[in-house]
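*Asks:* Below you'll find the structure I mean.
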Amino acid sequence: MAFNLTRRKFLQSASLAAVALPLSKAVASESGIKRSPHEAKGSLKNETVVGGICEMCFWRCQLVGKKRDDRLVKIEGNPKSIDNGTSICARGNAGIKLLYDPDRLKYPLKNVGERGNPKWKRISWKEALDECGDKLKAVQDKYGAQGISVFPHGSTAKYPMHFFERTVGTPNVSEASFFQCRGIRDTAYLATIGMAPGEKVDMPNSKVIFLLGGHFGENVHVSHVKSYMKGLQNGAKLVVVDPRYSASAAKSDIWVKIKPGTDTAFLLAIMNYIIKNKKHAADFIDEYGDGFDEFATGIKEWTLEKAAGECDVPVAQIKEVADLLAANAPNVSIHPGRHVSWYGNDFQRQRSLACLTGVLGAYYVKGGWVPAVTPKVGKASWEHKEHDEDHNLNLNSDEELIHPYTPPGTPTELIRDAALTGKPYPIKGCVLWGQNPIQTIPGQEKMKKVLKQMDFVMCVDVMPTDVTMWADILLPEVSYLERYDYIKTGTQWDFAEKNQQYISARMPLAAPMFERKDQVYITNEIAKRMGYEKDIPVKSIEEMVDKNLKVAGLSIEQLKKEDGIHIREGKNPYNMPDDFEVIFYNEDLEDAGFPGIPTYIPVEQPPAGFARLLYGRVPVHTFNRTQNNVWLNKAMPSNPVWLNDELAGKMGLADGDEVGFINQEGVKSRTTTTVKTTPGIRKDSIYMGHGYGSANPLMSVGVNAGVDDTSLITKITVDPETGCHGMRNNFVKFIKDGKIIDIPSAA
Ligand code: SF4
């Protein structure tokens, strides 16, 4: 395979081209890289390379790289970007430390020990690919394509995911970004406004920004945070509904300290109050609403008083929020959220958010919900082949969908149950690509059992993680700084009058090191070995990117000439399509056996002595993916547990005390963290950052740092409409010095 040669050739030409680029020239001359006094002037070659796209989180900020003698020494935002601009976050800056992390996977490895307790032996790529191809083919021959399960995450996992799903024919693909994150949001909005909402709400022009559980500032996505901050600078009022005094709550005009799991009741009461007092957007609803009368009648029971009792929020505060929203409608941003897999009743809450936006007439208006109108590019990948039988696990014995509003793929729990029972068929092959289901999916021990019973497990990743310990073959992938990748399109972040669109493609800022390969090489080589050589859609990642750019009249060479980003005139995002409607009462949902009108479904409350385990993001980590990054570890090495200060006093705990946890099923945390006492959390809940407490000793920096919250999420709940997980239905007590301490709030 001539892939390496092609890549090196490109990098040589890219470096030369970069020197000639107008932006590169300008930036290089200002780069100000300081020389050591011992170095002769002119002995170092400084240059700026364009076209990088960050992947320290999924947001994909546009980058330039500063190189010194071919070593990447600094990452910055691309000055040409109309998305993140020159700004990047702490994690984006720390990408350098991922690139040169000595713990990174370097060579193909074979596990000659046990799954979960591996002993690694370095093998050649040929041996590794032969084994992956042969073993997956053996599973396919014995159990059918459906016997292979795929757990993908991130942009490099798309190409292999398409291969296994479209060409090989397994339906058993489960993406964490859907089934443990945003899938519920997307399908609930689809059932209400006919499209997934994304996150591009017009916050810069908003008069009120309404966040339900959103904790911007801790959850950092650069252009998104810029948009939020601009809204606040422009005078928007901020309403934050959260059991915890988050970074956003700290900036809010109204902080609603809601009881976890009751958000839908809160939203229904707000809407009922607005409608009852004729403060709703009647003209908008007349024109675009569907089923509004049934909806208004159906939520009538939700008085302010009833919601106040359910949500543990004062009547006056619910009224205050409703009045504020109604007085400023339609220029209000009801944010759809992102990681919304909370309580297993989440589809109803997301439907309520979509309906509230409709009640306020806040679709396609300044300051409201406005979709990103992005340019069209190609999507070269594997073709769909005809597959004989339907092995959809999401069908019951009457051939009806179990979770009819599921996002693309198969709900994770259905795959795991089939794997463990062998019914309706065995699942014996597993492809893990960039996903770490040990620390993503509730029921860690269940996941381990699933992996244990496989005939073959292969894993592709950049870093060792907890799940890489379960692979038979572990393949090292190039990082986002060393490869081409899918195209990123978007629009100007601030909804300026002169609306613009951009097209960019991830281009390498550094040459690959050791024996790491990219997703197209690895997938194609496995495909050849499984007998699919003639179906291979592209020979290299560069070919794929060029094909996709061609649809937009561009090429890699052209993008390089344009400093990595092509900018063109945009379309007016406020133009509402003729067929737009807000389905307040959804008959199809009702026909499928679910409430047609958003409905509050109560969740279990903590038993005596326990508090609910809540978790979230921290600003300097992207869950487990960044735990081994030496800069980010230094910034936040552990995940202190938030505990209400009054309770802490009663429990004899103080700031900095080392504690562990035991959950309602008797499962104990393997590691400990420290206590952070604060009045900023409800007494029925505790909170910690997600993704800590890795068990993989190959992560020399991140191993055993803090507590792995996923290990305590053993009660598995599933959102009935979508099959996505609810992940905040577990309860814990503290352990200090080996002694279990009850949490008195619920006693
Ligand atoms: S928000 Fe930060 S980590 Fe995410 S893509 Fe942008 S710079 Fe990278």
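FYI, nothing fancy with the structure tokens labels: chains A, B, ... in order, residues from 1 per chain, ligands from 1 as they appear.
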Residues of chain A that approach ligand 1 to 12 Å or less, counting only C-alpha atoms and all ligand atoms: could you list each one with the shortest pair of atoms and its distance in Å to one decimal, rows by chain and increasing residue number, as a tab-separated table?
*Replies:*
```
residue	atom	partner	partner_atom_place_in_ligand_line	distance
A:Gly52	CA	ligand 1	8 (Fe)	10.5
A:Ile53	CA	ligand 1	5 (S)	7.3
A:Cys54	CA	ligand 1	8 (Fe)	4.5
A:Glu55	CA	ligand 1	5 (S)	5.3
A:Met56	CA	ligand 1	3 (S)	4.1
A:Cys57	CA	ligand 1	4 (Fe)	4.0
A:Phe58	CA	ligand 1	5 (S)	5.8
A:Trp59	CA	ligand 1	5 (S)	4.3
A:Arg60	CA	ligand 1	5 (S)	3.9
A:Cys61	CA	ligand 1	6 (Fe)	4.2
A:Gln62	CA	ligand 1	6 (Fe)	7.6
A:Leu63	CA	ligand 1	7 (S)	8.3
A:Val64	CA	ligand 1	7 (S)	11.4
A:Ile75	CA	ligand 1	7 (S)	9.4
A:Glu76	CA	ligand 1	7 (S)	8.7
A:Gly77	CA	ligand 1	7 (S)	7.7
A:Asn78	CA	ligand 1	7 (S)	10.8
A:Ser81	CA	ligand 1	6 (Fe)	11.9
A:Asp83	CA	ligand 1	6 (Fe)	9.8
A:Asn84	CA	ligand 1	6 (Fe)	7.2
A:Gly85	CA	ligand 1	6 (Fe)	10.3
A:Thr86	CA	ligand 1	7 (S)	9.9
A:Ser87	CA	ligand 1	7 (S)	7.4
A:Ile88	CA	ligand 1	7 (S)	4.0
A:Cys89	CA	ligand 1	2 (Fe)	4.1
A:Ala90	CA	ligand 1	2 (Fe)	6.4
A:Arg91	CA	ligand 1	3 (S)	4.7
A:Gly92	CA	ligand 1	7 (S)	3.7
A:Asn93	CA	ligand 1	7 (S)	7.0
A:Ala94	CA	ligand 1	3 (S)	8.7
A:Gly95	CA	ligand 1	8 (Fe)	8.0
A:Ile96	CA	ligand 1	8 (Fe)	11.5
A:Leu98	CA	ligand 1	3 (S)	11.8
A:Phe216	CA	ligand 1	1 (S)	11.3
A:Gly217	CA	ligand 1	1 (S)	10.6
A:Glu218	CA	ligand 1	1 (S)	11.0
A:Asn219	CA	ligand 1	1 (S)	8.8
A:Val220	CA	ligand 1	1 (S)	5.5
A:His221	CA	ligand 1	1 (S)	3.7
A:Val222	CA	ligand 1	1 (S)	4.5
A:Ser223	CA	ligand 1	1 (S)	7.6
A:His224	CA	ligand 1	1 (S)	8.5
A:Val225	CA	ligand 1	1 (S)	8.8
A:Lys226	CA	ligand 1	1 (S)	10.6
A:Tyr480	CA	ligand 1	8 (Fe)	10.5
A:Leu481	CA	ligand 1	8 (Fe)	11.3
A:Lys488	CA	ligand 1	5 (S)	11.7
A:Arg506	CA	ligand 1	5 (S)	11.8
A:Val618	CA	ligand 1	3 (S)	11.7
A:Pro619	CA	ligand 1	2 (Fe)	9.0
A:Val620	CA	ligand 1	3 (S)	8.4
A:His621	CA	ligand 1	3 (S)	8.2
A:Thr622	CA	ligand 1	3 (S)	7.4
A:Phe623	CA	ligand 1	3 (S)	11.1
A:Arg625	CA	ligand 1	3 (S)	10.7
A:Thr626	CA	ligand 1	3 (S)	9.6
A:Leu632	CA	ligand 1	3 (S)	11.3
```
*Asks:* Between A:Arg182, A:His725, A:Arg122, A:Arg612, single out the one closest to A:Leu474, counting only C-alpha atoms.
*Replies:*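 Among the listed residues, the smallest separation from A:Leu474 belongs to A:Arg122.
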*Asks:* If DSSP is run on the backbone, what residues of stretch 555-668 of chain A are strand (DSSP E or B)? A reply as a ChimeraX atom specification would be ideal.
*Replies:* /A:565-569,582-583,609,611-616,618,621,641-644,658-663,668
*Asks:* Where in stretch 264-502 of chain A does DSSP assign alpha helix (DSSP H), given as JSON, numbers by chain?
*Replies:* {"A": [264, 265, 266, 267, 268, 269, 270, 271, 272, 273, 274, 275, 276, 282, 283, 284, 285, 286, 287, 288, 292, 293, 294, 295, 296, 297, 298, 304, 305, 306, 307, 308, 309, 310, 311, 315, 316, 317, 318, 319, 320, 321, 322, 323, 324, 325, 326, 327, 328, 346, 347, 348, 349, 350, 351, 352, 353, 354, 355, 356, 357, 358, 359, 412, 413, 414, 415, 416, 417, 418, 419, 420, 421, 444, 445, 446, 447, 448, 449, 450, 451, 452]}
*Asks:* Pick the closest to A:Gly213 from A:Leu401, A:Leu44, A:Leu614, A:Val551: which is it, counting only C-alpha atoms?
*Replies:*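 The shortest atom-to-atom distance to A:Gly213 comes from A:Leu614.
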*Asks:* Show me, as a Markdown table, the residues of stretch 144-260 of chain A having an atom within 12 Å of stretch 313-332 of chain A, each with the closest atom pair and its distance in Å, using only C-alpha atoms.
*Replies:*
```
| residue | atom | partner | partner_atom | distance |
| --- | --- | --- | --- | --- |
| A:Val201 | CA | A:Val332 | CA | 9.3 |
| A:Asp202 | CA | A:Val332 | CA | 8.5 |
| A:Met203 | CA | A:Val332 | CA | 8.0 |
| A:Pro204 | CA | A:Val332 | CA | 10.5 |
| A:Asn205 | CA | A:Asn331 | CA | 7.5 |
| A:Ser206 | CA | A:Val332 | CA | 5.3 |
| A:Lys207 | CA | A:Val332 | CA | 5.7 |
| A:Val208 | CA | A:Val332 | CA | 4.8 |
| A:Ile209 | CA | A:Val332 | CA | 6.0 |
| A:Phe210 | CA | A:Val332 | CA | 7.6 |
| A:Leu211 | CA | A:Val332 | CA | 11.0 |
| A:Gly231 | CA | A:Val332 | CA | 10.6 |
| A:Ala236 | CA | A:Val332 | CA | 8.8 |
| A:Lys237 | CA | A:Leu324 | CA | 8.7 |
| A:Leu238 | CA | A:Val321 | CA | 10.0 |
| A:Val239 | CA | A:Val321 | CA | 7.4 |
| A:Val240 | CA | A:Val321 | CA | 9.9 |
| A:Val241 | CA | A:Val321 | CA | 10.1 |
| A:Asp242 | CA | A:Val313 | CA | 11.2 |
| A:Pro243 | CA | A:Val313 | CA | 10.6 |
| A:Ser252 | CA | A:Val321 | CA | 11.9 |
| A:Asp253 | CA | A:Val321 | CA | 10.0 |
| A:Ile254 | CA | A:Val321 | CA | 7.6 |
| A:Trp255 | CA | A:Gln317 | CA | 9.1 |
| A:Val256 | CA | A:Val313 | CA | 7.0 |
| A:Lys257 | CA | A:Val313 | CA | 6.9 |
| A:Ile258 | CA | A:Val313 | CA | 6.1 |
| A:Lys259 | CA | A:Val313 | CA | 7.8 |
| A:Pro260 | CA | A:Val313 | CA | 11.3 |
```
*Asks:* Just checking: using only C-alpha atoms, which residue out of A:Lys135, A:Lys276, A:Arg516, A:Lys67 ends up closest to A:Met463?
*Replies:* A:Arg516
*Asks:* Hey, can you check how far atom CA of A:Pro640 sits from atom CA of A:Val603?
*Replies:*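 That distance, rounded to one decimal, is 26.4 Å.
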